[in-house]
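One file, query.cif, carrying mmCIF, C-alpha atoms:
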data_target
loop_
_atom_site.label_atom_id
_atom_site.label_comp_id
_atom_site.auth_asym_id
_atom_site.auth_seq_id
_atom_site.Cartn_x
_atom_site.Cartn_y
_atom_site.Cartn_z
CA MET A 29 104.29 100.14 62.38
CA SER A 30 100.52 100.54 62.39
CA ASN A 31 97.90 102.93 63.63
CA SER A 32 97.42 100.79 66.76
CA LEU A 33 100.51 102.19 68.47
CA ALA A 34 101.15 101.44 72.12
CA VAL A 35 102.14 105.07 72.80
CA ASP A 36 99.92 107.87 71.48
CA ASP A 37 101.59 110.73 73.35
CA VAL A 38 105.16 110.47 74.65
CA TYR A 39 104.89 113.38 77.10
CA LYS A 40 101.61 112.21 78.63
CA THR A 41 102.88 108.63 78.89
CA LEU A 42 105.94 109.75 80.83
CA LYS A 43 103.80 111.92 83.10
CA GLU A 44 101.34 109.10 83.79
CA HIS A 45 103.94 106.47 84.61
CA LEU A 46 106.69 108.34 86.46
CA PRO A 47 106.66 109.65 90.05
CA GLU A 48 106.13 113.42 90.03
CA ASP A 49 109.65 114.30 91.18
CA LYS A 50 111.28 112.09 88.55
CA PHE A 51 108.96 113.37 85.85
CA LYS A 52 109.79 117.02 86.61
CA GLU A 53 113.51 116.30 86.40
CA LEU A 54 113.15 114.29 83.21
CA GLU A 55 110.88 116.96 81.68
CA GLY A 56 113.70 119.49 81.94
CA VAL A 57 116.25 117.06 80.54
CA LEU A 58 114.10 116.12 77.53
CA TYR A 59 112.22 119.35 76.81
CA GLY A 60 114.60 122.03 78.08
CA TYR A 61 114.07 125.19 80.09
CA ASN A 62 112.54 128.47 78.99
CA CYS A 63 113.56 131.26 81.38
CA GLY A 64 114.26 128.70 84.08
CA SER A 65 111.38 126.27 83.67
CA PRO A 66 109.80 124.03 81.02
CA VAL A 67 107.46 125.86 78.63
CA GLN A 68 104.21 126.58 80.44
CA SER A 69 100.84 125.38 79.22
CA ILE A 70 98.16 127.88 78.19
CA SER A 71 94.57 127.49 79.27
CA ILE A 72 92.30 126.19 76.51
CA PRO A 73 88.65 127.34 76.58
CA GLN A 74 86.21 124.64 77.60
CA LYS A 75 84.26 124.92 74.36
CA LEU A 76 87.41 124.13 72.38
CA LEU A 77 88.18 121.15 74.57
CA LEU A 78 84.66 119.90 73.95
CA LEU A 79 85.04 120.54 70.22
CA ALA A 80 88.33 118.64 70.14
CA GLN A 81 86.69 115.74 71.97
CA SER A 82 83.65 115.62 69.70
CA GLU A 83 85.70 116.07 66.52
CA ASP A 84 88.45 113.70 67.73
CA PHE A 85 91.51 115.92 67.44
CA ASP A 86 94.32 116.73 69.86
CA ILE A 87 94.73 120.33 71.04
CA GLN A 88 97.65 121.68 73.06
CA ALA A 89 98.90 125.18 73.84
CA TYR A 90 102.11 126.50 75.42
CA ARG A 91 103.94 129.75 76.13
CA PHE A 92 107.59 130.69 75.46
CA THR A 93 108.59 133.74 77.51
CA ALA A 94 111.54 136.14 77.30
CA ALA A 95 113.24 138.42 79.79
CA LYS A 96 111.73 141.88 80.17
CA GLU A 97 113.80 144.57 78.43
CA GLN A 98 114.07 148.27 79.16
CA LEU A 99 114.03 149.60 75.60
CA ARG A 100 112.01 147.03 73.68
CA GLU A 101 108.42 146.08 74.32
CA PRO A 102 107.60 142.35 74.23
CA ARG A 103 106.82 141.05 70.74
CA ILE A 104 104.11 138.52 71.51
CA VAL A 105 102.86 136.33 68.65
CA ARG A 106 100.67 133.23 68.73
CA LEU A 107 101.61 130.48 66.29
CA GLY A 108 99.69 127.39 65.22
CA LEU A 109 100.48 124.03 63.60
CA ILE A 110 97.82 121.76 62.09
CA GLN A 111 98.26 118.03 61.41
CA ASN A 112 95.29 116.33 59.80
CA SER A 113 93.84 113.40 57.85
CA ILE A 114 90.92 112.73 55.50
CA HIS A 115 87.16 112.73 56.14
CA ALA A 116 85.57 111.21 53.04
CA LYS A 117 85.43 107.76 51.49
CA THR A 118 87.91 106.89 48.80
CA THR A 119 85.03 106.03 46.49
CA ASP A 120 83.49 109.49 46.77
CA PRO A 121 83.86 111.93 43.87
CA VAL A 122 87.00 114.03 43.98
CA ALA A 123 84.98 117.21 44.54
CA THR A 124 83.34 115.59 47.54
CA GLN A 125 86.70 114.58 48.95
CA TYR A 126 88.09 118.08 48.51
CA ALA A 127 85.04 119.60 50.20
CA ALA A 128 85.51 117.20 53.14
CA ILE A 129 89.16 118.06 53.71
CA GLU A 130 88.47 121.78 53.27
CA ARG A 131 85.70 121.57 55.89
CA ARG A 132 88.08 119.83 58.26
CA ILE A 133 90.83 122.40 57.78
CA GLU A 134 88.26 125.18 58.25
CA THR A 135 87.25 123.66 61.60
CA LEU A 136 90.87 123.51 62.73
CA ILE A 137 91.69 127.03 61.52
CA ASP A 138 88.58 128.33 63.28
CA ALA A 139 89.81 126.59 66.45
CA ALA A 140 93.21 128.24 66.00
CA ALA A 141 91.48 131.61 65.71
CA GLU A 142 89.59 130.94 68.95
CA MET A 143 93.01 130.47 70.55
CA GLY A 144 94.17 133.82 69.21
CA VAL A 145 96.61 132.37 66.67
CA ASN A 146 98.24 134.99 64.43
CA VAL A 147 100.21 132.68 62.10
CA VAL A 148 99.22 129.10 61.27
CA CYS A 149 101.05 126.54 59.11
CA LEU A 150 99.35 123.57 57.46
CA GLN A 151 101.05 120.26 56.69
CA GLU A 152 103.00 119.52 53.52
CA ALA A 153 100.80 119.66 50.40
CA TRP A 154 97.63 119.56 52.50
CA SER A 155 95.35 120.50 49.62
CA VAL A 156 96.58 117.90 47.18
CA TYR A 157 96.75 114.58 48.90
CA TYR A 158 93.02 114.28 49.39
CA VAL A 159 92.78 113.23 45.75
CA LEU A 160 95.17 110.36 46.27
CA PHE A 161 92.42 108.33 47.87
CA ARG A 162 90.99 107.81 44.45
CA THR A 163 93.04 104.65 43.85
CA CYS A 164 92.98 103.26 47.37
CA SER A 165 91.14 99.97 47.87
CA HIS A 166 89.80 101.01 51.28
CA PRO A 167 89.65 104.18 53.35
CA PRO A 168 93.02 104.62 55.08
CA THR A 169 93.44 106.55 58.30
CA ALA A 170 95.03 109.53 56.59
CA MET A 171 95.47 111.05 53.17
CA PRO A 172 97.81 108.80 51.11
CA PHE A 173 101.24 110.16 50.28
CA ALA A 174 101.29 108.64 46.79
CA PHE A 175 104.81 109.68 45.84
CA CYS A 176 105.92 106.21 46.91
CA THR A 177 104.09 104.68 43.94
CA ARG A 178 105.88 106.59 41.14
CA GLU A 179 102.51 106.67 39.33
CA LYS A 180 101.91 109.96 37.52
CA GLN A 181 98.14 109.78 37.24
CA PRO A 182 95.89 110.95 38.72
CA TRP A 183 98.23 112.69 41.14
CA LEU A 184 99.60 115.38 38.83
CA GLU A 185 96.12 116.33 37.63
CA PHE A 186 95.54 118.01 40.96
CA ALA A 187 98.53 120.31 41.13
CA MET A 188 97.36 123.92 41.19
CA ASP A 189 98.45 127.47 40.56
CA ALA A 190 100.10 129.07 43.58
CA GLU A 191 98.29 132.40 43.21
CA THR A 192 94.86 131.40 41.92
CA GLY A 193 94.31 127.75 42.88
CA LEU A 194 91.48 126.44 45.06
CA ALA A 195 93.69 126.07 48.14
CA THR A 196 94.98 129.62 47.87
CA ARG A 197 91.51 131.08 47.46
CA PHE A 198 90.28 129.11 50.47
CA CYS A 199 93.21 130.23 52.63
CA GLN A 200 92.74 133.84 51.53
CA ARG A 201 89.16 133.69 52.75
CA MET A 202 90.18 132.17 56.08
CA ALA A 203 93.08 134.59 56.55
CA LYS A 204 90.85 137.61 56.00
CA LYS A 205 88.15 136.17 58.24
CA HIS A 206 90.53 135.72 61.18
CA ASN A 207 93.19 138.43 60.58
CA MET A 208 95.66 135.53 60.37
CA VAL A 209 98.73 134.75 58.28
CA ILE A 210 98.40 131.28 56.74
CA VAL A 211 101.23 129.13 55.37
CA SER A 212 99.66 126.84 52.77
CA PRO A 213 101.93 124.10 51.36
CA ILE A 214 100.62 122.83 48.01
CA LEU A 215 101.61 120.87 44.93
CA GLU A 216 102.15 123.68 42.42
CA ARG A 217 101.79 123.61 38.65
CA ASP A 218 103.75 126.43 37.01
CA ALA A 219 101.83 127.04 33.79
CA THR A 220 104.12 129.93 32.85
CA HIS A 221 107.13 127.62 32.64
CA GLY A 222 105.96 124.53 30.77
CA ASP A 223 103.52 123.23 33.39
CA VAL A 224 106.42 122.17 35.64
CA ILE A 225 105.43 120.71 39.03
CA TRP A 226 106.88 122.00 42.31
CA ASN A 227 106.45 121.27 46.00
CA THR A 228 105.62 124.76 47.21
CA ALA A 229 104.46 126.74 50.22
CA VAL A 230 102.23 129.78 49.64
CA ILE A 231 102.21 132.62 52.16
CA ILE A 232 98.85 134.37 52.63
CA GLY A 233 98.82 137.69 54.50
CA ASN A 234 96.44 138.51 57.35
CA GLN A 235 94.33 140.69 55.03
CA GLY A 236 93.75 137.76 52.70
CA ASN A 237 96.46 138.93 50.32
CA TYR A 238 98.93 136.73 48.45
CA ILE A 239 102.43 137.57 49.74
CA GLY A 240 104.54 135.04 47.86
CA LYS A 241 105.73 131.46 47.58
CA THR A 242 108.80 129.36 48.33
CA ARG A 243 109.74 125.96 46.94
CA LYS A 244 111.20 122.82 48.51
CA ASN A 245 114.98 122.98 48.28
CA HIS A 246 115.90 119.34 48.92
CA ILE A 247 114.09 116.34 47.39
CA PRO A 248 114.38 112.90 49.04
CA ARG A 249 115.56 109.77 47.29
CA VAL A 250 115.48 107.48 50.29
CA GLY A 251 113.37 104.40 50.99
CA ASP A 252 109.89 104.82 49.53
CA PHE A 253 110.20 108.58 49.10
CA ASN A 254 110.49 108.73 45.31
CA GLU A 255 109.49 112.38 45.02
CA SER A 256 111.90 113.29 42.20
CA THR A 257 109.57 111.32 39.92
CA TYR A 258 107.17 114.26 40.32
CA TYR A 259 109.23 117.40 41.00
CA MET A 260 112.84 118.48 41.40
CA GLU A 261 114.73 120.80 43.74
CA GLY A 262 113.22 124.27 44.14
CA ASP A 263 114.64 127.40 42.57
CA THR A 264 113.49 130.11 44.99
CA GLY A 265 116.44 130.02 47.39
CA HIS A 266 115.82 130.85 51.05
CA ARG A 267 113.05 133.43 51.00
CA VAL A 268 111.92 135.09 54.21
CA PHE A 269 108.53 136.79 54.33
CA GLU A 270 107.99 139.88 56.47
CA THR A 271 104.42 139.69 57.75
CA ALA A 272 102.33 141.66 60.23
CA PHE A 273 103.38 139.15 62.91
CA GLY A 274 107.07 138.60 62.22
CA LYS A 275 109.52 137.38 59.61
CA ILE A 276 108.74 133.80 58.63
CA ALA A 277 110.30 131.16 56.39
CA VAL A 278 109.31 127.66 55.29
CA ASN A 279 111.83 124.80 55.16
CA ILE A 280 109.74 122.10 53.52
CA CYS A 281 110.11 118.50 54.76
CA TYR A 282 113.42 116.94 53.65
CA GLY A 283 115.19 120.28 53.93
CA ARG A 284 115.29 119.74 57.69
CA HIS A 285 118.10 117.20 57.20
CA HIS A 286 120.40 119.92 55.81
CA PRO A 287 121.93 122.29 58.41
CA LEU A 288 123.06 124.82 55.80
CA ASN A 289 119.48 125.07 54.56
CA TRP A 290 118.31 126.05 58.06
CA MET A 291 121.24 128.44 58.40
CA ALA A 292 120.41 130.33 55.21
CA TYR A 293 116.90 131.17 56.43
CA GLY A 294 118.41 132.55 59.62
CA LEU A 295 121.00 134.63 57.79
CA ASN A 296 118.16 136.09 55.72
CA GLY A 297 116.49 137.28 58.91
CA ALA A 298 113.89 134.63 59.73
CA GLU A 299 112.39 134.80 63.22
CA ILE A 300 110.12 131.77 62.78
CA VAL A 301 110.79 128.85 60.44
CA PHE A 302 108.09 126.28 59.72
CA ASN A 303 108.90 122.74 58.61
CA PRO A 304 105.77 121.15 57.04
CA SER A 305 106.54 117.48 56.53
CA ALA A 306 105.34 113.97 55.66
CA THR A 307 107.56 111.33 57.24
CA VAL A 308 107.19 107.85 58.68
CA GLY A 309 108.29 106.26 61.93
CA ALA A 310 110.45 103.41 60.66
CA LEU A 311 112.53 105.87 58.66
CA SER A 312 112.79 109.08 60.67
CA GLU A 313 111.05 109.18 64.04
CA PRO A 314 114.33 109.08 66.01
CA LEU A 315 115.45 112.17 64.05
CA TRP A 316 112.20 114.11 64.34
CA ALA A 317 112.55 115.57 67.82
CA ILE A 318 116.20 116.46 67.23
CA GLU A 319 116.58 118.17 63.87
CA GLY A 320 114.08 121.02 64.16
CA ARG A 321 115.09 121.69 67.73
CA ASN A 322 118.78 121.75 66.77
CA ALA A 323 117.99 124.26 64.04
CA SER A 324 116.20 126.58 66.46
CA ILE A 325 119.23 126.46 68.77
CA ALA A 326 121.92 126.89 66.12
CA ASN A 327 120.14 129.73 64.32
CA SER A 328 118.45 131.53 67.24
CA TYR A 329 114.90 131.45 65.90
CA PHE A 330 111.65 129.61 66.62
CA VAL A 331 110.86 126.43 64.68
CA GLY A 332 107.47 124.81 64.09
CA CYS A 333 107.61 121.21 62.81
CA ILE A 334 104.42 119.67 61.35
CA ASN A 335 103.98 116.02 60.33
CA ARG A 336 101.01 114.20 58.81
CA VAL A 337 99.41 111.34 60.70
CA GLY A 338 98.10 107.84 59.86
CA THR A 339 98.92 104.66 57.94
CA GLU A 340 98.20 104.63 54.21
CA SER A 341 97.76 101.69 51.81
CA PHE A 342 97.61 101.57 48.02
CA PRO A 343 96.02 99.00 45.67
CA ASN A 344 99.23 98.40 43.69
CA GLU A 345 102.39 97.09 45.27
CA PHE A 346 105.60 99.07 44.84
CA THR A 347 109.30 98.66 45.55
CA SER A 348 112.00 101.24 46.06
CA ALA A 349 115.30 99.53 45.18
CA ASP A 350 116.11 99.03 48.87
CA GLY A 351 115.96 95.24 48.98
CA LYS A 352 112.57 95.10 50.68
CA PRO A 353 109.72 92.95 49.32
CA ALA A 354 106.99 94.66 47.33
CA HIS A 355 104.51 96.35 49.63
CA LYS A 356 101.44 98.61 49.59
CA ASP A 357 102.14 101.13 52.33
CA PHE A 358 104.83 103.52 53.58
CA GLY A 359 104.44 102.72 57.25
CA HIS A 360 102.97 104.99 59.90
CA PHE A 361 103.06 108.78 59.64
CA TYR A 362 103.55 109.61 63.30
CA GLY A 363 102.30 113.19 63.68
CA SER A 364 104.08 114.58 66.78
CA SER A 365 104.09 118.21 65.58
CA TYR A 366 105.89 120.57 67.97
CA PHE A 367 107.54 123.97 68.48
CA GLY A 368 111.17 124.56 69.43
CA GLY A 369 112.64 127.74 70.89
CA PRO A 370 116.08 129.33 70.40
CA ASP A 371 116.96 128.62 74.06
CA ALA A 372 116.70 124.81 73.52
CA SER A 373 113.25 124.62 75.10
CA ARG A 374 110.45 122.90 73.22
CA THR A 375 106.82 121.94 73.56
CA PRO A 376 105.65 118.35 73.85
CA GLY A 377 104.45 116.90 70.55
CA LEU A 378 100.92 116.40 69.32
CA SER A 379 99.44 112.90 69.14
CA ARG A 380 101.21 110.18 67.16
CA THR A 381 97.86 108.82 65.92
CA LYS A 382 95.31 111.68 65.84
CA GLU A 383 94.83 114.97 64.08
CA GLY A 384 95.69 118.04 66.08
CA LEU A 385 96.24 121.74 66.65
CA MET A 386 99.40 122.90 68.43
CA VAL A 387 99.47 126.51 69.65
CA ALA A 388 102.49 128.39 70.97
CA GLU A 389 102.61 131.94 72.28
CA VAL A 390 106.12 133.28 71.76
CA ASP A 391 107.99 136.46 72.56
CA LEU A 392 110.19 137.12 69.52
CA ASN A 393 112.55 139.15 71.73
CA LEU A 394 113.89 135.80 72.92
CA ASN A 395 115.72 135.33 69.60
CA ARG A 396 118.05 138.30 70.11
CA GLN A 397 118.44 137.58 73.81
CA VAL A 398 119.76 134.12 72.98
CA ARG A 399 122.07 135.55 70.31
CA ASP A 400 123.49 137.99 72.84
CA LYS A 401 124.02 135.21 75.39
CA TRP A 402 125.59 132.53 73.22
CA GLY A 403 127.11 134.59 70.40
CA TYR A 404 126.72 131.90 67.74
CA GLN A 405 126.42 134.42 64.94
CA MET A 406 129.18 136.61 66.37
CA THR A 407 131.64 133.70 66.63
CA ALA A 408 130.73 132.08 63.30
CA ARG A 409 133.50 132.03 60.69
CA TYR A 410 131.46 132.74 57.56
CA PRO A 411 134.41 133.84 55.35
CA MET A 412 136.30 130.66 56.30
CA TYR A 413 133.24 128.50 55.57
CA ALA A 414 132.70 130.29 52.26
CA ASP A 415 136.33 129.74 51.23
CA PHE A 416 136.11 126.05 52.12
CA LEU A 417 132.88 125.50 50.17
CA ARG A 418 134.28 127.41 47.20
CA GLU A 419 137.22 125.02 47.12
CA TYR A 420 135.16 121.91 47.90
CA LYS A 421 132.83 122.30 44.92
CA GLU A 422 135.74 122.26 42.44
CA PRO A 423 136.54 118.97 40.62
CA ASP A 424 140.20 119.07 41.71
CA TYR A 425 139.43 119.56 45.41
CA GLN A 426 141.77 117.80 47.82
CA PRO A 427 140.62 117.14 51.43
CA GLN A 428 142.69 118.63 54.26
CA LEU A 429 143.67 115.18 55.50
CA ILE A 430 146.89 114.78 57.48
CA ARG A 431 147.99 111.15 57.54
CA ASP A 432 150.04 109.67 60.34
CA PRO A 433 153.46 108.83 58.86
CA GLY A 434 153.59 105.89 61.23
CA LEU A 435 150.82 104.16 59.29
CA GLY A 436 153.27 103.36 56.51
CA LYS A 437 152.41 103.12 52.87
#
Would you mind writing the file out in structure tokens?
Amino acid sequence: MSNSLAVDDVYKTLKEHLPEDKFKELEGVLYGYNCGSPVQSISIPQKLLLLAQSEDFDIQAYRFTAAKEQLREPRIVRLGLIQNSIHAKTTDPVATQYAAIERRIETLIDAAAEMGVNVVCLQEAWSVYYVLFRTCSHPPTAMPFAFCTREKQPWLEFAMDAETGLATRFCQRMAKKHNMVIVSPILERDATHGDVIWNTAVIIGNQGNYIGKTRKNHIPRVGDFNESTYYMEGDTGHRVFETAFGKIAVNICYGRHHPLNWMAYGLNGAEIVFNPSATVGALSEPLWAIEGRNASIANSYFVGCINRVGTESFPNEFTSADGKPAHKDFGHFYGSSYFGGPDASRTPGLSRTKEGLMVAEVDLNLNRQVRDKWGYQMTARYPMYADFLREYKEPDYQPQLIRDPGLGK
């Protein structure tokens, strides 16, 4: 796959090429219904549309509604997702490259603030990958995800402290400026514990305060994703952060493939779970629209899935023990960031080829309304599941397999 994709936006392509009546029916089938209709778009100020056009990024905004209740007031929150790429030459000094990506993120966060966003999540390790350009032979269309290369330097030089690093200080300034909670995924260096590296998300409060951090629970060892060369599975469990705008959690990237991981955040009280990711089309695009949406349904919370965008090449070829010839790129990171609701409704995705800002206004009351309707949590058999897993993890476990006697020996 390359950056010259035939389809930039799946939703818009369907709308442009189908008769209106067929499109409306298909929209409901593919994107679900929120209180009886597909999620409704929100008006975007003209100045932001002009900014998006001049700065070449996609901007979309939608609204998830809930039924009016007699005893609870609506709990309206605006959420934002940012997918981005680089804006400096690979030959520029590292400080110049960092300044360029920080300026770009500042523009997108400012745009989110103009849309009234209360909580915004950036893409996986947004503040680190800018440095990976340093070894690229030519400027790629996005920040390289160098974990395919298994090369330690210079990548690990740019891991940073979760509480005091450059990315955290920048996000604290932006959070205070806009009264906004910011989820900032970084590559963390834990100096207190032997300089160990972690894939981490930092949560910054709306007053610019550091709330806490959570680490990536599941590390991929599939295709070119050789991330365990750099960091291992996180040790922070399934933390949920109570903020001024709701209880949020962060299921970083590969954790989306594990249903029990999603479940644990829900059992800990999450109302919104973000999934900052970096994944490519040839490997995972058929899964992308399904997994986060399934999690929002099964656990009765909102999900925001963010993916990087672009095609990235490296000067040195690499292989990944998968039988493929040596190559210099992952494939195309397909963007397509979106929100999913607990009622199986979802927004369209952002562009597959451009940077973007996705905004969703949600009523958090919808979470409990869906729980009351479907009763997933009420009908779950947690003690039975716990007993099964307790037995399964033992070395002498025997599967509950009943064999047909007619099969013979």
message = Need to verify the contact set: segment 322-337 of chain A, 8 Å, only C-alpha atoms, exclusion of same-chain residues closer than 5 positions in sequence. Can you return it as a ChimeraX atom specification?
response = /A:109-113,149-152,170,287,290-291,294,298-307,360-372,380-383,395-396,398-399,404-405
Name the residues captured by the PyMOL selection byres ((chain A and resi 282) around 9) when it is applied to the shown file; answer as a compact mmCIF listing (two decimals) with C-alpha atoms, in the frame of the given file.
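Result file follows (expr.txt):
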# COMPACT_ATOMS: atom_id res chain seq x y z
CA LYS A 244 111.20 122.82 48.51
CA ASN A 245 114.98 122.98 48.28
CA HIS A 246 115.90 119.34 48.92
CA ILE A 247 114.09 116.34 47.39
CA PRO A 248 114.38 112.90 49.04
CA ASN A 279 111.83 124.80 55.16
CA ILE A 280 109.74 122.10 53.52
CA CYS A 281 110.11 118.50 54.76
CA GLY A 283 115.19 120.28 53.93
CA ARG A 284 115.29 119.74 57.69
CA HIS A 285 118.10 117.20 57.20
CA HIS A 286 120.40 119.92 55.81
CA ASN A 303 108.90 122.74 58.61
CA SER A 305 106.54 117.48 56.53
CA ALA A 306 105.34 113.97 55.66
CA THR A 307 107.56 111.33 57.24
| field | Proximity to Ala292 of chain A - best of A:Phe198, A:Gly265, A:Leu315, A:Lys205, all atoms listed in the file | value |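 Residue with the minimum atom-to-atom distance to Ala292 of chain A: A:Gly265.
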Please provide the set of residues having any atom within 9 Å of Leu136 of chain A, restricted to only C-alpha atoms, with same-chain residues fewer than 2 positions apart removed, written as an MDAnalysis selection string.
chainID A and resid 85 110 112 131:134 138:141 384:385
So what does the PyMOL selection byres ((chain A and resi 206) around 10) actually pick up in this one, as a compact mmCIF listing (two decimals) with C-alpha atoms, keeping the file's coordinate frame?
# COMPACT_ATOMS: atom_id res chain seq x y z
CA ILE A 137 91.69 127.03 61.52
CA ASP A 138 88.58 128.33 63.28
CA ALA A 140 93.21 128.24 66.00
CA ALA A 141 91.48 131.61 65.71
CA GLU A 142 89.59 130.94 68.95
CA GLY A 144 94.17 133.82 69.21
CA VAL A 145 96.61 132.37 66.67
CA ASN A 146 98.24 134.99 64.43
CA ARG A 201 89.16 133.69 52.75
CA MET A 202 90.18 132.17 56.08
CA ALA A 203 93.08 134.59 56.55
CA LYS A 204 90.85 137.61 56.00
CA LYS A 205 88.15 136.17 58.24
CA ASN A 207 93.19 138.43 60.58
CA MET A 208 95.66 135.53 60.37
CA VAL A 209 98.73 134.75 58.28
CA ASN A 234 96.44 138.51 57.35
CA GLN A 235 94.33 140.69 55.03
CA GLY A 236 93.75 137.76 52.70
Explicit residues for the PyMOL selection byres ((chain A and resi 350) around 12) (as a PyMOL selection string):
chain A and resi 249-254+346-349+351-355
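Among the candidates A:Asp415, A:Glu389, A:Asp357, A:Glu319, the one nearest to Val67 of chain A when counting only C-alpha atoms is A:Glu389.
When all atoms listed in the file are used to compute distances to Arg103 of chain A, the closest of the residues A:Leu392, A:Leu184, A:Ile72, A:Ile129 turns out to be A:Leu392.
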A straight line from atom CA of Pro73 of chain A to atom CA of Ile276 of chain A spans 27.7 Å
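The interatomic distance for the pair atom CA of Arg243 of chain A and atom CA of Leu215 of chain A works out to 9.8 Å.
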Generate the coordinates of all heavy atoms for segment 77-83 of chain A; report them as an mmCIF file, keeping the file's coordinate frame.
data_model
loop_
_atom_site.group_PDB
_atom_site.id
_atom_site.type_symbol
_atom_site.label_atom_id
_atom_site.label_comp_id
_atom_site.auth_asym_id
_atom_site.auth_seq_id
_atom_site.Cartn_x
_atom_site.Cartn_y
_atom_site.Cartn_z
ATOM 1 N N LEU A 77 87.912 122.501 74.095
ATOM 2 C CA LEU A 77 88.180 121.150 74.570
ATOM 3 C C LEU A 77 87.042 120.206 74.204
ATOM 4 O O LEU A 77 87.272 119.065 73.791
ATOM 5 C CB LEU A 77 88.384 121.161 76.090
ATOM 6 C CG LEU A 77 89.640 121.889 76.595
ATOM 7 C CD1 LEU A 77 89.642 121.948 78.114
ATOM 8 C CD2 LEU A 77 90.912 121.206 76.086
ATOM 9 N N LEU A 78 85.825 120.704 74.328
ATOM 10 C CA LEU A 78 84.660 119.900 73.950
ATOM 11 C C LEU A 78 84.627 119.657 72.441
ATOM 12 O O LEU A 78 84.283 118.566 71.975
ATOM 13 C CB LEU A 78 83.376 120.578 74.413
ATOM 14 C CG LEU A 78 83.170 120.651 75.934
ATOM 15 C CD1 LEU A 78 81.937 121.489 76.267
ATOM 16 C CD2 LEU A 78 83.049 119.249 76.527
ATOM 17 N N LEU A 79 84.975 120.696 71.663
ATOM 18 C CA LEU A 79 85.040 120.540 70.220
ATOM 19 C C LEU A 79 86.080 119.504 69.827
ATOM 20 O O LEU A 79 85.829 118.639 68.979
ATOM 21 C CB LEU A 79 85.359 121.888 69.555
ATOM 22 C CG LEU A 79 85.539 121.858 68.037
ATOM 23 C CD1 LEU A 79 84.220 121.540 67.350
ATOM 24 C CD2 LEU A 79 86.114 123.186 67.534
ATOM 25 N N ALA A 80 87.256 119.583 70.441
ATOM 26 C CA ALA A 80 88.330 118.640 70.140
ATOM 27 C C ALA A 80 87.890 117.211 70.479
ATOM 28 O O ALA A 80 88.200 116.267 69.742
ATOM 29 C CB ALA A 80 89.588 119.008 70.908
ATOM 30 N N GLN A 81 87.172 117.074 71.572
ATOM 31 C CA GLN A 81 86.690 115.740 71.970
ATOM 32 C C GLN A 81 85.655 115.215 70.978
ATOM 33 O O GLN A 81 85.724 114.064 70.544
ATOM 34 C CB GLN A 81 86.095 115.799 73.374
ATOM 35 C CG GLN A 81 85.639 114.447 73.900
ATOM 36 C CD GLN A 81 85.104 114.532 75.315
ATOM 37 O OE1 GLN A 81 84.845 115.610 75.844
ATOM 38 N NE2 GLN A 81 84.933 113.389 75.951
ATOM 39 N N SER A 82 84.707 116.061 70.604
ATOM 40 C CA SER A 82 83.650 115.620 69.700
ATOM 41 C C SER A 82 84.164 115.389 68.279
ATOM 42 O O SER A 82 83.680 114.510 67.564
ATOM 43 C CB SER A 82 82.501 116.630 69.680
ATOM 44 O OG SER A 82 82.926 117.873 69.131
ATOM 45 N N GLU A 83 85.152 116.188 67.869
ATOM 46 C CA GLU A 83 85.700 116.070 66.520
ATOM 47 C C GLU A 83 86.931 115.168 66.467
ATOM 48 O O GLU A 83 87.541 114.992 65.414
ATOM 49 C CB GLU A 83 86.065 117.464 65.980
ATOM 50 C CG GLU A 83 84.880 118.393 65.794
ATOM 51 C CD GLU A 83 84.041 118.014 64.586
ATOM 52 O OE1 GLU A 83 84.572 117.314 63.698
ATOM 53 O OE2 GLU A 83 82.867 118.415 64.528
#
